[in-house]
Amino acid sequence: MLRSSTTIVAVLALGVTTLGSASASAGAAPRDVASTHKYVLANYRLARESEARTSAGQAAIVRANGKLARECPHVGAGSPQNGESQKMSYEVVGALWSIAYGTVAGPIDAFARAVAPLRWSNPGLTRRAREYAKSLHELAVLPLPDLCKDVREWSASGYRTIPAQTVSFDAHAEAIEPHVVPERLLAPYLRPADRGIVRSTTRLENKLKDTETVTGFDDWDLLLGTLGVNQ
């Protein structure tokens, strides 16, 4: 759950980590070096834009909580603490994903467009880069669930039956797994000049992780409290 309860998930910050000590090998194919350079640049832009939108994402979450407070305050009062309540609380996590990633949908789309034409001689690297961009896009377009409606339905059942749409949403959200490109795949093609870009990206990544640690759990707890869902 801690992996999920975040404002701007840190995976946005860096698609490949700790490449600072690597440099492109003399025998690397020009296309591999060029694609790696473009990927590193695109990744840096994504990290920079994600960090710049952190406050906007947090503000969107505050607005969403205010809407819940107006429309269905404590609608889940008296809910149990069991496996069923965990499913509902996971839907709240997914709602936070929808809001946070939706805030950076534009930069994510730009990243995906930049990655789409890139090719490496290692087909596995090409596939991993595309899959990573695709998973970020899926998170950016994750629909915001109707938490008021779903908790009301759960309450109306005497907290015995989780709504089908909650089960479906949870399964869809949980299946989205952004796997960053492993450093061992890109390291042989990294230009010496790219090391500074990667260091800058790493600094942004660390800042985003700090934000995640401080605000992520609090956001999740805030929405659950507004809904009155026990966890």
# chains A, B, ... in the order shown; residues from 1 in each chain; ligands from 1
call {"tool": "residues_around", "arguments": {"residues": "region 62-78 of chain A", "least_positions_apart": "5", "cutoff": "9 Å", "atoms": "only C-alpha atoms", "output": "JSON, numbers by chain"}}
result
{"A": [57, 99, 147, 148, 149, 151, 152, 154, 155, 159, 219, 222, 223, 224, 225, 226, 227, 228, 229, 230]}
call {"tool": "residues_around", "arguments": {"residues": "region 41-44 of chain A", "least_positions_apart": "6", "cutoff": "12 Å", "atoms": "only C-alpha atoms", "output": "number ranges by chain"}}
result
A: 11-17, 34-35, 50-51, 107-116, 118, 129, 132-133, 136, 180-181, 190-191, 193-205
call {"tool": "residues_around", "arguments": {"residues": "Val167 (chain A)", "least_positions_apart": "6", "cutoff": "12 Å", "atoms": "only C-alpha atoms", "output": "list in words"}}
result
Glu84, Ser85, Gln86, Lys87, Met88, Ser89, Tyr90, Glu91, Gly94, Pro145, Asp150, Trp154, Thr161, Ala173 and Glu174 of chain A
call {"tool": "write_last_selection", "arguments": {"atoms": "N, CA, C and O atoms", "output": "compact mmCIF listing (two decimals), in the first residue's frame"}}
result
# COMPACT_ATOMS: atom_id res chain seq x y z
N GLU A 84 -12.35 -6.97 2.82
CA GLU A 84 -13.23 -6.19 1.96
C GLU A 84 -12.92 -4.70 2.07
O GLU A 84 -12.92 -3.98 1.07
N SER A 85 -12.65 -4.24 3.28
CA SER A 85 -12.33 -2.83 3.44
C SER A 85 -11.01 -2.49 2.76
O SER A 85 -10.81 -1.37 2.28
N GLN A 86 -10.10 -3.45 2.69
CA GLN A 86 -8.84 -3.22 1.99
C GLN A 86 -9.08 -2.97 0.50
O GLN A 86 -8.39 -2.15 -0.11
N LYS A 87 -10.06 -3.66 -0.06
CA LYS A 87 -10.38 -3.44 -1.47
C LYS A 87 -10.90 -2.02 -1.68
O LYS A 87 -10.56 -1.37 -2.67
N MET A 88 -11.72 -1.55 -0.77
CA MET A 88 -12.24 -0.20 -0.91
C MET A 88 -11.14 0.83 -0.71
O MET A 88 -11.07 1.84 -1.42
N SER A 89 -10.26 0.58 0.26
CA SER A 89 -9.18 1.52 0.49
C SER A 89 -8.20 1.52 -0.68
O SER A 89 -7.59 2.56 -0.98
N TYR A 90 -8.09 0.40 -1.36
CA TYR A 90 -7.23 0.37 -2.54
C TYR A 90 -7.83 1.21 -3.67
O TYR A 90 -7.10 1.83 -4.44
N GLU A 91 -9.15 1.25 -3.73
CA GLU A 91 -9.78 2.12 -4.72
C GLU A 91 -9.45 3.58 -4.43
O GLU A 91 -9.27 4.38 -5.37
N GLY A 94 -6.13 4.15 -5.86
CA GLY A 94 -6.25 4.33 -7.30
C GLY A 94 -6.76 5.71 -7.67
O GLY A 94 -6.34 6.29 -8.68
N PRO A 145 -12.40 7.01 -10.05
CA PRO A 145 -13.59 6.26 -9.63
C PRO A 145 -14.55 7.15 -8.85
O PRO A 145 -14.15 8.16 -8.25
N ASP A 150 -19.53 4.26 -4.84
CA ASP A 150 -19.07 2.92 -4.52
C ASP A 150 -19.15 2.63 -3.02
O ASP A 150 -19.55 1.53 -2.62
N TRP A 154 -21.51 -0.18 -1.11
CA TRP A 154 -20.93 -1.11 -0.13
C TRP A 154 -21.67 -1.01 1.20
O TRP A 154 -22.02 -2.03 1.82
N THR A 161 -20.77 -6.74 0.50
CA THR A 161 -20.43 -6.94 -0.90
C THR A 161 -19.76 -5.69 -1.47
O THR A 161 -20.36 -4.60 -1.48
N ALA A 173 -6.13 -1.07 -12.05
CA ALA A 173 -5.07 -0.20 -11.53
C ALA A 173 -3.87 -1.01 -11.07
O ALA A 173 -2.71 -0.64 -11.34
N GLU A 174 -4.13 -2.12 -10.42
CA GLU A 174 -3.02 -2.93 -9.90
C GLU A 174 -2.21 -3.57 -11.01
O GLU A 174 -1.02 -3.85 -10.83
call {"tool": "closest_residue", "arguments": {"among": "A:Leu96, A:Leu142, A:Ala164, A:Ala156", "to": "Ile176 (chain A)", "atoms": "only C-alpha atoms"}}
result
A:Leu142
call {"tool": "select_by_dssp", "arguments": {"residues": "region 122-221 of chain A", "states": "helix (DSSP H, G or I)", "output": "PyMOL selection string"}}
result
chain A and resi 123-140+147-156+164-175+183-189+194-221
call {"tool": "atom_distance", "arguments": {"atom1": "CA of Ser121 (chain A)", "atom2": "CA of Ala29 (chain A)"}}
result
7.8 Å
call {"tool": "closest_residue", "arguments": {"among": "A:Arg45, A:Lys134, A:His37, A:Arg53", "to": "Trp120 (chain A)", "atoms": "only C-alpha atoms"}}
result
A:His37
call {"tool": "closest_residue", "arguments": {"among": "A:Asn206, A:Ser168, A:Ala28, A:Ile162", "to": "Gly83 (chain A)", "atoms": "only C-alpha atoms"}}
result
A:Ile162
call {"tool": "closest_residue", "arguments": {"among": "A:Ala56, A:Trp220, A:Gly158, A:Asp146", "to": "Trp97 (chain A)", "atoms": "only C-alpha atoms"}}
result
A:Trp220
